[in-house]
Amino acid sequence: MLGYLVRRILAAIPVMGVVALFVFLLLRLTPGDPAAILAGDNATPEQLERIRNSLGLNEPIYIQFYTWIMKLLHGDLGVSLISNVPVLKMISQRVEPSISIALTTIVLSILVAVPLGVIAAWKHGTWIDRCVMGLSVLGFSVPVFVIGYVLIQVFAIDLRWVPVQGFKSISAGFGPFFERIILPTCTLSFIYVALIARMTRASMLDVLGEDYVRTARAKGIGETGVLLRHALRNAAVPVITVIGSGFALLISGVVVTESVFNLPGIGRLTVDAVLARDYPVIQAMILLTSGIYVGVNLVIDVAYTLLDPRIRY
Amino acid sequence: MAIDTLPESSIPVTRPFRLKFGFLTATPIIAVATICLVLIILMAIFAPLLAPHDPLLLTPAQRLKPSSAQFLLGTDAYGRDVLSRIIYGSRISLLIGLGAAVCSIALGLLIGLVSGFFRWVDAVMMRVMDGLMAIPAILLAIAVVSLSGASIWTVMIAITIPEIPRVARLVRSVVLTAREEPYVEAAISVGSSLPKIMWRHLMPNTIAPLIVQGTYVCASAILTEAILSFLGAGISPETPTWGNIMAEGRAYFQVKPSLIFWPGLLLSIAILSVNLIGDAARDALDPRMKQREGK
Amino acid sequence: MTAANSSNVVLDINNLVVGLGRKADAHRIIDDLSLQVREGETLCLVGESGSGKSVTSLTVMGLQQKGTLVPSGGSIKLVGEDLLGASDRRLRQLRATRMAMIFQEPMTALNPVVPVGRQIDEVLRAHTNLDARARRQKILAMMEHVRLPDVQRIFSSYPHRLSGGQRQRIMIAMALVLEPKLLIADEPTTALDVTTQKQILTLMRDLQRDHGTAVLFITHDMGVVAEIADRVAVMRHGRLVETGPLDDVLRAPKMEYTRNLLSSVPSLVPRAARPETTEPVVLEANELGKVYRERSMFGKAREVAAAQNVTLTLRKGRTLGIVGESGSGKSTVARCIVRLIDPTSGGVRLVGREISNLSRRLLQPHRQKIQIVFQDPYRSLNPRVTVGESIAEGPINYGMPRKDALARARELLELVHLPPDAISRYPHQFSGGQRQRIAIARALALDPDVLVADEAVSALDVSVQAQVLDLLDEIQKRLGIALLFITHDLRVAAQICDDVAVMQHGRVVEQGPAAEVLTNPQQAYTRALLDAAPGRGWDFANFRPVSEGIVATA
């Protein structure tokens with residue numbers, strides 16, 4: 001088990017390496033002078049020189065990569081070009097709202113999507129199945145921000161059930177936190193529910209055709225037992241995989257949702273950085289979110305071994 | 001006993017691959033989706049004829065007007081006709097969707113075919129693809145656009161890059177499965193060359209899943225373009241795109257929500273149509289994929 | 001035989017009709033079928049693929065695909081109780097308590113993520129009120145009863161830890177733990193090796209004797225029928241062809257179809273040996289070996305020897321059989337010889353030229369001298385390429401103009417007894433046997449010196465199998481081709497091979513003329529293999545036991 005864990009962690013290193021290399025090359029390979037790109041149009045020659053020095057642009061490219069990577073490994077994600085604040089500090093101040101909606105979304109989505117998928121597969125070909133599938137295509141197709149604004153219009157403006165926008169920390173009490181987090185969570189859950197429900201249904205359909213499900217029925221146990229004890233557990237691996245790979249989708253969704261609901265999270269930070277062309281922040285966000293993605297998928301890989309005894313480690 | 005008088009109904013039959021368009025009217029819903037998409041395409045092509053006004057014309061005296069006979073959907077904050085901008089916006093969306101689909105499929109097919117056949121390329125390529133997949137598509141696109149400036153080409157490249165790994169992995173898995181097939185081994189043993197085996201025995205297997213994947217990429221590219229514009233990282237704001245119209249509408253959401261709803265509705269219909277057609281194509285091209293899922 | 005005393009009839013199927021779909025004119029998968037199975041009796045339901053035998057068994061259990069397969073007429077009675085009209089709830093109660101079923105694939109019939117003990121436990125929890133201790137006691141006792149070793153360990157094992165035979169024993173334990181009146185066994189030994197098959201058949205016989213269970217045993221294998229049946233029912237196209245006691249059906253089949261079916265079964269007695277030849281050797285394998293290395297990041301690489309020190313010789317116009325159970329390495333040897341995989345040691349000489357060390361490019365001119373026919377006729381032809389193009393592909397590769405290659409394909413189709421117009425059709429328009437003919441034509445298109453047949457008739461129904469074997473024989477006589485015939489089926493080997501090599505665990509354990517190896521084996525393993533061949537006492541094609549045949553010819 002330990003060996004497996006170590007192997008999985010080692011396998012994650014090249015992936016993160018590729019991400020780092022990509023982020024590094026993106027700036028250097030973009031046509032034009034990286035310093036000029038970063039400094040913007042109105043930069044003075046002194047500013048350009050300062051940026052050039054801080055990036056080590058006068059050094060050979062492999063030295064640049066080495067120093068950059070070493071800085072990264074020491075937790076130095078650079079300094080914002082606009083505010084001169086270390087990027088890591090900026091991110092840590094804004095991380096709470098983002099983590100809050102990401103977690104509530106994952107929980108809500110799984111609670112809604114898995115039963116939907118199971119029922120759709122069980123009632124395969126009926127109107128229930130078609131409804132779930134229709135809902136899922138809709139979830140993929142309607143942009144997050146459109147859903148967000150529709151929900152705001154209906155529940156915040158017309159019905160006045162919840163505040164329109166903003167965020168309250170959970171430390172300020174559950175009520176205020178909840179009434180501000182509920183709409184963003186529902187907004188973001190749409191696409192995630194679509195993704196998970198679709199995969200659950202497909203995976204369950206595969207499994208329901210398996211011989212051991214027929215064996216279970218031949219034993220004379222009830223349909224619920226067949227569905228939950230025999231089918232769902234076997235169908236879980238692809239579902240968990242899609243929860244993991246959908247994490248990238250979730251992060252993208254967080255960025256948009258925070259913009260719609262004006263949440264002061266890292267998504268807003270990123271968008272502000274884009275508008276201000278604050279590349280170090282964007283770069284740090286890519287590294288950070290990719291790191292989270294790889295970490296989540298690592299945990300999921302380990303979860304497989306608990307679900308399926310055939311997976312050897 | 002006569003030769004083979006026994007029925008073999010129990011064995012599934014794989015038919016030779018033929019592209020038929022009958023699936024586009026397979027069910028009423030898909031027929032509606034097809035019609036919607038065709039209408040949007042026509043709207044894009046004939047935008048200059050359909051648009052009542054110049055989408056770029058500023059009329060400061062007519063800011064944020066509600067619907068009227070002159071401006072059917074009203075005007076935006078700069079007094080531009082919203083309807084005309086929405087009509088012209090379809091051009092960018094479709095162009096980006098189609099462009100990203102074609103580019104990512106061409107590159108993904110190449111990478112996938114080579115990876116599926118050469119082990120050392122595979123080892124390197126799949127790590128690169130894993131890395132690319134770890135980066136959230138929106139952030140990747142944002143980074144590309146913010147570095148190289150916003151033009152339709154950079155946006156298209158920015159949207160294509162994150163789609164490539166998915167296509168490459170799909171092609172690779174199809175190739176890996178197909179090359180285990182006895183008919184490929186039979187081709188090896190009758191002395192067929194590697195390019196011939198790839199072209200004749202492996203490539204055809206990838207066409208059906210690629211057509212399906214292409215539609216999904218197209219839908220996702222249209223969506224990503226809108227999100228980029230919406231976040232302010234897309235094509236320059238004066239260009240009429242659905243995302244740009246909505247991005248401007250954000251500030252006036254409480255005053256004039258229709259600035260978001262109309263382009264949002266059209267955007268949703270376009271993506272929904274493409275997705276539905278993709279699902280229908282999948283069901284029609286490969287009945288075995290019907291139950292499985294490639295998204 | 002239907003006029004039996006009804007007192008001990010356990011399963012009574014009367015005029016059953018099962019249609020494809022609900023419409024009144026739906027295609028009938030089962031048409032007017034009547035069967036009885038009595039207490040303590042094994043009825044073997046025999047038929048080729050598509051005969052409806054599996055549908056029959058699933059319909060009895062109520063496990064047929066709902067909405068697709070619809071019973072539209074007749075009745076099924078289990079100890080007098082009507083099953084077709086029973087509610088789902090009642091059917092669930094009856095399953096495992098009155099009627100139980102075991103399936104063909106022990107590999108897939110058990111849930112991979114649940115320990116096997118718990119899977120049996122589910123039966124008890126669903127149908128009894130026993131407490132956990134009592135249930136465990138009962139399960140362990142049952143597991144011992146089906147002769148599983150080390151039952152405590154196996155109880156908590158996952159299915160993938162067990163061998164195929166052990167899994168099938170678990171299935172049997174699960175089916176019989178509540179002592180049902182009726183056991184349905186759907187090809188329960190087809191996926192197993194012959195030695196395991198023999199053990200399972202013996203076990204089922206013994207259990208049935210002890211418990212008086214009525215068994216409906218479904219199989220396509222006449223050998224198995226001869227081993228286990230009390231009575232036989234032959235099915236074809238969903239209809240009952242004939243039924244009767246085992247001896248009557250095997251000795252004096254009343255119907256033409258049954259006669260044909262029986263005469264298609266190859267005899268285990270080797271055919272008359274052909275005279276030794278001094279024709280040149282076309283294929284030699286010298287101490288051929290294939291070792292698979294499983295690399296792991298920690299610890300040493302694990303090595304698995306799929307084949308070791310395999311030495312074979314094959315002369316022009318002769319047939320060499322490689323026989324063995326699954327995992328014996330026989331297919332590995334075949335694939336090494338054709339160079340679909342590269343051997344790790346030893347050599348292969350093809351028509352006097354060493355080919356095992358040639359690079360892919362240098363191998364190219366030699367490929368045409370050796371061709372292979374695969375097991376699965378449904379996967380060995382590219383579904384998107386016409387039959388003609390498939391056959392012509394080889395000659396075109398070696399420089400024949402397309403037109404000539406297609407003309408050659410036409411000739412070859414005639415050679416394998418298919419109409420020449422088959423050339424422009426696609427594989428899905430042909431049946432399994434026809435596709436195997438096409439695959440043979442493709443292999444012959446390059447005029448090879450050696451034809452390797454890797455389980456080439458194993459996936460075919462016995463009547464089609466006989467035709468393909470006849471075809472191979474005819475082709476060998478006409479073209480003087482050498483055949484390397486890989487098979488697990490000793491009956492097939494006895495009928496087609498001049499020489500036989502018996503493989504076990506990657507090694508050749510015994511090798512020699514078929515007549516000697518298969519009648520007077522020297523090695524214990526070969527003897528065990530022959531001993532386990534089902535129905536070895538019967539000479540089906542001559543409708544008599546082998547012993548009577550010996551007396552008659554002596």
# chains A, B, ... in the order shown; residues from 1 in each chain; ligands from 1
$ residues_around --residues "Asp221 (chain C)" --least-positions-apart "4" --cutoff "12 Å" --atoms "only C-alpha atoms" --output "ChimeraX atom specification"
/C:44-49,186-191,194,197,217,225-229,232,234,261-262,264-266,458,460-463,489,491,533-535,540
$ residues_around --residues "Pro60 (chain B)" --least-positions-apart "6" --cutoff "9 Å" --atoms "only C-alpha atoms" --output "number ranges by chain"
B: 77-80
$ interface_residues --of "chain B" --to "chain A" --cutoff "6 Å" --atoms "only C-alpha atoms" --output "PyMOL selection string"
chain B and resi 127-128+130-131+134-136+138+264+268+271-272+291-293
$ write_last_selection --atoms "N, CA and C atoms" --output "PDB file, in the first residue's frame"
ATOM      1  N   ARG B 127       2.449  12.067 -20.756  1.00  0.00           N
ATOM      2  CA  ARG B 127       2.776  12.919 -19.603  1.00  0.00           C
ATOM      3  C   ARG B 127       2.442  14.374 -19.941  1.00  0.00           C
ATOM      4  N   VAL B 128       2.820  14.780 -21.178  1.00  0.00           N
ATOM      5  CA  VAL B 128       2.519  16.153 -21.592  1.00  0.00           C
ATOM      6  C   VAL B 128       1.011  16.394 -21.581  1.00  0.00           C
ATOM      7  N   ASP B 130      -1.223  14.764 -19.827  1.00  0.00           N
ATOM      8  CA  ASP B 130      -1.671  14.806 -18.427  1.00  0.00           C
ATOM      9  C   ASP B 130      -1.468  16.199 -17.853  1.00  0.00           C
ATOM     10  N   GLY B 131      -0.292  16.765 -18.132  1.00  0.00           N
ATOM     11  CA  GLY B 131       0.016  18.098 -17.631  1.00  0.00           C
ATOM     12  C   GLY B 131      -0.969  19.129 -18.156  1.00  0.00           C
ATOM     13  N   ALA B 134      -4.281  18.965 -16.560  1.00  0.00           N
ATOM     14  CA  ALA B 134      -4.332  19.400 -15.164  1.00  0.00           C
ATOM     15  C   ALA B 134      -4.632  20.891 -15.068  1.00  0.00           C
ATOM     16  N   ILE B 135      -4.359  21.640 -16.149  1.00  0.00           N
ATOM     17  CA  ILE B 135      -4.589  23.086 -16.120  1.00  0.00           C
ATOM     18  C   ILE B 135      -6.036  23.362 -16.493  1.00  0.00           C
ATOM     19  N   PRO B 136      -6.796  24.025 -15.628  1.00  0.00           N
ATOM     20  CA  PRO B 136      -8.185  24.343 -15.988  1.00  0.00           C
ATOM     21  C   PRO B 136      -8.220  25.133 -17.283  1.00  0.00           C
ATOM     22  N   ILE B 138     -10.099  27.299 -18.691  1.00  0.00           N
ATOM     23  CA  ILE B 138     -10.307  28.750 -18.695  1.00  0.00           C
ATOM     24  C   ILE B 138      -9.009  29.477 -18.322  1.00  0.00           C
ATOM     25  N   GLY B 264     -27.533  35.241 -24.005  1.00  0.00           N
ATOM     26  CA  GLY B 264     -27.394  33.996 -23.228  1.00  0.00           C
ATOM     27  C   GLY B 264     -28.304  32.914 -23.773  1.00  0.00           C
ATOM     28  N   SER B 268     -27.055  29.507 -25.407  1.00  0.00           N
ATOM     29  CA  SER B 268     -27.471  28.215 -24.870  1.00  0.00           C
ATOM     30  C   SER B 268     -28.093  27.350 -25.949  1.00  0.00           C
ATOM     31  N   ILE B 271     -25.309  25.985 -28.255  1.00  0.00           N
ATOM     32  CA  ILE B 271     -24.503  24.919 -27.643  1.00  0.00           C
ATOM     33  C   ILE B 271     -25.349  23.668 -27.451  1.00  0.00           C
ATOM     34  N   LEU B 272     -26.585  23.872 -26.984  1.00  0.00           N
ATOM     35  CA  LEU B 272     -27.480  22.739 -26.785  1.00  0.00           C
ATOM     36  C   LEU B 272     -27.688  21.977 -28.091  1.00  0.00           C
ATOM     37  N   GLN B 291     -24.621   3.384 -24.886  1.00  0.00           N
ATOM     38  CA  GLN B 291     -24.761   3.290 -23.442  1.00  0.00           C
ATOM     39  C   GLN B 291     -23.556   3.875 -22.730  1.00  0.00           C
ATOM     40  N   ARG B 292     -22.419   3.760 -23.398  1.00  0.00           N
ATOM     41  CA  ARG B 292     -21.216   4.226 -22.728  1.00  0.00           C
ATOM     42  C   ARG B 292     -21.157   5.745 -22.848  1.00  0.00           C
ATOM     43  N   GLU B 293     -20.065   6.292 -22.414  1.00  0.00           N
ATOM     44  CA  GLU B 293     -20.039   7.736 -22.354  1.00  0.00           C
ATOM     45  C   GLU B 293     -18.658   8.230 -22.712  1.00  0.00           C
TER      46      GLU B 293
END
$ interface_residues --of "chain C" --to "chain A" --cutoff "10 Å" --atoms "only C-alpha atoms" --output "ChimeraX atom specification"
/C:58,61-64,88-97,99-115,119-120,122-127,157-161,171,174-175,296-298
$ select_by_dssp --residues "region 294-532 of chain C" --states "strand (DSSP E)" --output "MDAnalysis selection string"
chainID C and resid 294 302:315 319:323 345:350 353:354 370:373 450:454 482:487 499:504 507:513
$ residues_around --residues "Leu16 (chain C)" --least-positions-apart "3" --cutoff "12 Å" --atoms "only C-alpha atoms" --output "ChimeraX atom specification"
/C:12-13,19,28-35,52,55-57,59-60,70-77,83-84,238-240
$ select_by_dssp --residues "region 316-506 of chain C" --states "alpha helix (DSSP H)" --output "VMD selection string"
chain C and resid 330 to 337 360 to 367 387 to 397 402 to 415 432 to 444 462 to 479 490 to 496
$ closest_residue --among "B:Tyr183, B:Trp262, B:Phe21, B:Phe253" --to "chain C" --atoms "only C-alpha atoms"
B:Tyr183
$ closest_atom_pairs --of "chain C" --to "chain B" --cutoff "9 Å" --atoms "only C-alpha atoms" --output "Markdown table"
| residue | atom | partner | partner_atom | distance |
| --- | --- | --- | --- | --- |
| C:Glu48 | CA | B:Leu6 | CA | 8.0 |
| C:Ser49 | CA | B:Glu8 | CA | 6.8 |
| C:Gly50 | CA | B:Glu8 | CA | 5.9 |
| C:Ser51 | CA | B:Pro7 | CA | 8.3 |
| C:Arg236 | CA | B:Leu6 | CA | 8.8 |
| C:His237 | CA | B:Pro7 | CA | 7.8 |
| C:Tyr257 | CA | B:Met1 | CA | 8.1 |
| C:Asn260 | CA | B:Met1 | CA | 7.1 |
| C:Val338 | CA | B:Ser189 | CA | 7.2 |
| C:Arg339 | CA | B:Ser189 | CA | 8.1 |
| C:Leu340 | CA | B:Glu185 | CA | 7.0 |
| C:Gln364 | CA | B:Gly191 | CA | 6.1 |
| C:Pro365 | CA | B:Gly191 | CA | 8.1 |
| C:His366 | CA | B:Gly191 | CA | 9.0 |
| C:Arg367 | CA | B:Gly191 | CA | 6.1 |
| C:Gln368 | CA | B:Val190 | CA | 6.3 |
| C:Ile370 | CA | B:Ser189 | CA | 8.0 |
| C:Gln371 | CA | B:Ser189 | CA | 6.4 |
| C:Ile372 | CA | B:Ser189 | CA | 7.2 |
| C:Val373 | CA | B:Ala186 | CA | 7.9 |
| C:Phe374 | CA | B:Pro182 | CA | 6.9 |
| C:Gln375 | CA | B:Pro182 | CA | 8.7 |
| C:Asp376 | CA | B:Pro182 | CA | 7.9 |
| C:Tyr378 | CA | B:Ile11 | CA | 8.5 |
| C:Arg379 | CA | B:Pro182 | CA | 5.8 |
| C:Ser380 | CA | B:Tyr183 | CA | 4.1 |
| C:Leu381 | CA | B:Tyr183 | CA | 5.0 |
| C:Asn382 | CA | B:Tyr183 | CA | 5.5 |
| C:Pro383 | CA | B:Pro16 | CA | 5.5 |
| C:Arg384 | CA | B:Pro16 | CA | 4.1 |
| C:Val385 | CA | B:Pro16 | CA | 7.2 |
| C:Thr386 | CA | B:Pro16 | CA | 8.8 |
| C:Ser390 | CA | B:Ala187 | CA | 8.6 |
| C:Glu393 | CA | B:Val190 | CA | 7.3 |
| C:Gly394 | CA | B:Val190 | CA | 4.7 |
| C:Pro395 | CA | B:Val190 | CA | 8.1 |
| C:Ile396 | CA | B:Ser192 | CA | 9.0 |
| C:Asn397 | CA | B:Ser192 | CA | 5.9 |
| C:Tyr398 | CA | B:Gly191 | CA | 7.7 |
| C:Tyr426 | CA | B:Pro16 | CA | 7.2 |
| C:Pro427 | CA | B:Arg15 | CA | 8.5 |
| C:His428 | CA | B:Val13 | CA | 5.9 |
| C:Gln429 | CA | B:Val13 | CA | 8.8 |
| C:Ser431 | CA | B:Asp4 | CA | 6.7 |
| C:Gly432 | CA | B:Glu8 | CA | 7.9 |
| C:Gly433 | CA | B:Asp4 | CA | 6.5 |
| C:Gln434 | CA | B:Asp4 | CA | 7.3 |
| C:Ala439 | CA | B:Ala186 | CA | 8.9 |
| C:Arg442 | CA | B:Val190 | CA | 8.4 |
| C:Ala443 | CA | B:Val190 | CA | 7.5 |
| C:Ala445 | CA | B:Val190 | CA | 8.9 |
| C:Leu446 | CA | B:Val190 | CA | 7.6 |
| C:Ser463 | CA | B:Met1 | CA | 8.0 |
| C:Val464 | CA | B:Asp4 | CA | 6.6 |
| C:Gln467 | CA | B:Ile3 | CA | 7.8 |
$ residues_around --residues "Leu490 (chain C)" --least-positions-apart "3" --cutoff "12 Å" --atoms "only C-alpha atoms" --output "number ranges by chain"
C: 193-194, 223, 265-270, 321-325, 455, 458, 485-487, 493-497, 500-502, 514-515, 517-519, 526-536
$ atom_distance --atom1 "CA of Asp206 (chain C)" --atom2 "CA of Glu39 (chain C)"
14.5 Å
$ residues_around --residues "region 47-57 of chain B" --least-positions-apart "5" --cutoff "8 Å" --atoms "only C-alpha atoms" --output "compact mmCIF listing (two decimals) with C-alpha atoms, in the first residue's frame"
# COMPACT_ATOMS: atom_id res chain seq x y z
CA GLY B 79 -26.38 53.19 -27.90
CA ARG B 80 -25.61 50.31 -30.26
CA ASP B 81 -28.43 48.13 -31.55
CA VAL B 82 -28.45 44.92 -29.48
CA LEU B 83 -30.25 42.83 -32.10
CA SER B 84 -27.69 43.67 -34.77
CA ARG B 85 -24.85 42.91 -32.37
CA ILE B 87 -26.83 38.68 -35.15
CA TYR B 88 -23.22 39.52 -35.90
CA GLU B 238 -16.16 46.55 -29.49
CA THR B 239 -16.31 43.40 -31.63
CA PRO B 240 -19.83 42.03 -31.43
$ atom_distance --atom1 "CA of Leu208 (chain A)" --atom2 "CA of Val226 (chain A)"
9.0 Å
$ residues_around --residues "Thr215 (chain B)" --least-positions-apart "2" --cutoff "10 Å" --atoms "only C-alpha atoms" --output "list in words"
Gly97, Leu98, Ala101, Val102, Leu210, Ile211, Val212, Gln213, Val217, Cys218, Ala219, Ser220, Ala221, Ile271, Ser273, Val274, Asn275, Leu276, Ile277, Gly278, Asp279, Ala281 and Arg282 of chain B
$ decode --residues "region 23-101 of chain B" --atoms "C-alpha atoms" --output "tab-separated table (two decimals), in the first residue's frame"
chain	number	residue	atom	x	y	z
B	23	PHE	CA	-29.70	10.61	-37.54
B	24	LEU	CA	-30.22	14.38	-37.77
B	25	THR	CA	-33.95	13.76	-37.84
B	26	ALA	CA	-33.99	10.64	-35.68
B	27	THR	CA	-36.21	12.17	-33.00
B	28	PRO	CA	-38.27	15.36	-32.93
B	29	ILE	CA	-35.90	16.92	-30.39
B	30	ILE	CA	-32.87	16.31	-32.57
B	31	ALA	CA	-34.73	17.59	-35.61
B	32	VAL	CA	-35.47	20.80	-33.71
B	33	ALA	CA	-31.82	21.04	-32.69
B	34	THR	CA	-30.75	20.60	-36.30
B	35	ILE	CA	-33.16	23.29	-37.46
B	36	CYS	CA	-31.95	25.68	-34.75
B	37	LEU	CA	-28.35	25.15	-35.72
B	38	VAL	CA	-29.09	25.61	-39.40
B	39	LEU	CA	-30.93	28.85	-38.61
B	40	ILE	CA	-28.01	30.14	-36.56
B	41	ILE	CA	-25.59	29.25	-39.34
B	42	LEU	CA	-27.79	31.06	-41.87
B	43	MET	CA	-27.97	34.01	-39.51
B	44	ALA	CA	-24.19	34.15	-39.37
B	45	ILE	CA	-23.79	33.91	-43.13
B	46	PHE	CA	-26.42	36.51	-43.95
B	47	ALA	CA	-25.73	38.80	-40.99
B	48	PRO	CA	-25.25	41.95	-43.16
B	49	LEU	CA	-28.66	41.38	-44.76
B	50	LEU	CA	-30.48	40.55	-41.53
B	51	ALA	CA	-29.06	43.13	-39.14
B	52	PRO	CA	-31.23	46.26	-39.08
B	53	HIS	CA	-28.35	48.50	-37.97
B	54	ASP	CA	-24.57	48.69	-38.09
B	55	PRO	CA	-23.49	46.70	-35.01
B	56	LEU	CA	-20.60	49.10	-34.38
B	57	LEU	CA	-22.53	52.36	-34.84
B	58	LEU	CA	-22.53	54.42	-31.63
B	59	THR	CA	-25.59	56.55	-30.98
B	60	PRO	CA	-24.90	58.20	-27.61
B	61	ALA	CA	-28.35	59.77	-27.55
B	62	GLN	CA	-29.99	56.36	-27.53
B	63	ARG	CA	-28.25	54.68	-24.55
B	64	LEU	CA	-29.88	51.68	-22.86
B	65	LYS	CA	-33.18	52.13	-24.66
B	66	PRO	CA	-35.83	49.43	-24.18
B	67	SER	CA	-37.28	47.51	-27.08
B	68	SER	CA	-38.89	49.67	-29.69
B	69	ALA	CA	-39.83	49.50	-33.33
B	70	GLN	CA	-36.49	51.03	-34.24
B	71	PHE	CA	-34.38	48.88	-31.90
B	72	LEU	CA	-36.22	45.55	-31.52
B	73	LEU	CA	-34.15	44.47	-28.53
B	74	GLY	CA	-33.21	47.97	-27.42
B	75	THR	CA	-29.74	49.45	-27.26
B	76	ASP	CA	-26.69	48.95	-25.08
B	77	ALA	CA	-24.72	51.41	-22.95
B	78	TYR	CA	-23.14	52.96	-26.03
B	79	GLY	CA	-26.38	53.19	-27.90
B	80	ARG	CA	-25.61	50.31	-30.26
B	81	ASP	CA	-28.43	48.13	-31.55
B	82	VAL	CA	-28.45	44.92	-29.48
B	83	LEU	CA	-30.25	42.83	-32.10
B	84	SER	CA	-27.69	43.67	-34.77
B	85	ARG	CA	-24.85	42.91	-32.37
B	86	ILE	CA	-26.40	39.55	-31.47
B	87	ILE	CA	-26.83	38.68	-35.15
B	88	TYR	CA	-23.22	39.52	-35.90
B	89	GLY	CA	-22.09	37.78	-32.71
B	90	SER	CA	-23.13	34.43	-34.13
B	91	ARG	CA	-20.30	34.72	-36.65
B	92	ILE	CA	-17.54	34.74	-34.05
B	93	SER	CA	-19.10	31.95	-32.01
B	94	LEU	CA	-19.51	29.61	-34.95
B	95	LEU	CA	-16.11	30.46	-36.40
B	96	ILE	CA	-14.38	29.77	-33.10
B	97	GLY	CA	-16.39	26.61	-32.49
B	98	LEU	CA	-15.66	25.19	-35.92
B	99	GLY	CA	-12.04	26.34	-35.91
B	100	ALA	CA	-11.27	24.89	-32.49
B	101	ALA	CA	-12.97	21.61	-33.41
